[in-house]
Amino acid sequence: MSDFKKLHDGSKLLHLPNAWDAGSARLFESLGAPAIATTSAGVAWAAGYADSNNMPVDVAVNVAASIARVLTVPLSVDFESGYSDDASTVAQNVLRLIGVGVAGINLEDGGGTPQLLAGKIAAIKKLAAQSGKDIFINTRTDVYLKGLAPEGERVAEVLKRAALYKEAGADSLFVPGICKVDEIKAVVAGAGLPVNVMDWPGVPSADDLHKLGVRRLSAGSGIPQALWAVAADMGRDFLATGSAGPLIEKAMPYGELQKLFIGAR
């Protein structure tokens, strides 16, 4: 069992404060994160692209390589839909991630069919095994996030998809947007896979999630969104007055930032 997979054994809730570049990844590692996962939105925005599969796959792989270079803990990459509808192409794309040191990925169904995602999962696992490798696939279903089923039917739809994804080789199930305790309980009990939820308005506390059997909690794009807002306020102040304003007093010291990267490969 890989080190990354062991982090999903349920002994602790795996907290993932999603990073968006090598610097943020190294910062979160220094704060004690046992693994690093990325946010596709944060990565895309930092690279100058819109989220939702608008970023070229070469950019995604290069960012992953730059993050892996500075880490000593496992890295999981939010790989959106795999940047192709062709399962064999997605598998080749993921093999590139394995080659730069990535331990896991998120792969989402989005607006596509569950069968399409299941085919991608199976192709990834097959190609990885043929190459003597493996990768942890955290399969994201957007049933809640995109309202792919009516309220009252979402748990059943999630579990239907979970069975398909598990059969294809998925290692865990990510259900962003799920918040109600009874619905989380039902998904945990019926998915047959470790369950990942996302920090979201109304989601139970981390301690309560662990008691409910959730294995993994993701920050999503919330941290970079907050930092973009701070940067916008400071930039606006500077352009208007020549001063970045009082928030500059909270800046992380230059020396502390330097220490994060001294000796990085």
# chains A, B, ... in the order shown; residues from 1 in each chain; ligands from 1
>>> closest_atom_pairs(of="segment 132-193 of chain A", to="segment 208-226 of chain A", cutoff="8 Å", atoms="only C-alpha atoms", output="tab-separated table")
residue	atom	partner	partner_atom	distance
A:Val181	CA	A:Leu212	CA	8.0
A:Ile184	CA	A:Leu212	CA	7.4
A:Lys185	CA	A:Leu212	CA	6.1
A:Val188	CA	A:Gly213	CA	6.4
>>> closest_atom_pairs(of="segment 46-121 of chain A", to="segment 130-145 of chain A", cutoff="6 Å", atoms="only C-alpha atoms", output="JSON lines")
{"residue": "A:Ala103", "atom": "CA", "partner": "A:Ile135", "partner_atom": "CA", "distance": 5.5}
{"residue": "A:Gly104", "atom": "CA", "partner": "A:Phe136", "partner_atom": "CA", "distance": 4.3}
{"residue": "A:Ile105", "atom": "CA", "partner": "A:Ile137", "partner_atom": "CA", "distance": 5.2}
{"residue": "A:Asn106", "atom": "CA", "partner": "A:Asn138", "partner_atom": "CA", "distance": 4.7}
{"residue": "A:Leu107", "atom": "CA", "partner": "A:Thr139", "partner_atom": "CA", "distance": 5.1}
{"residue": "A:Glu108", "atom": "CA", "partner": "A:Arg140", "partner_atom": "CA", "distance": 4.4}
{"residue": "A:Asp109", "atom": "CA", "partner": "A:Thr141", "partner_atom": "CA", "distance": 5.5}
{"residue": "A:Gly110", "atom": "CA", "partner": "A:Asp142", "partner_atom": "CA", "distance": 5.4}
>>> select_by_dssp(residues="segment 75-212 of chain A", states="strand (DSSP E or B)", output="ChimeraX atom specification")
/A:75-78,104-108,136-140,172-174,195-198
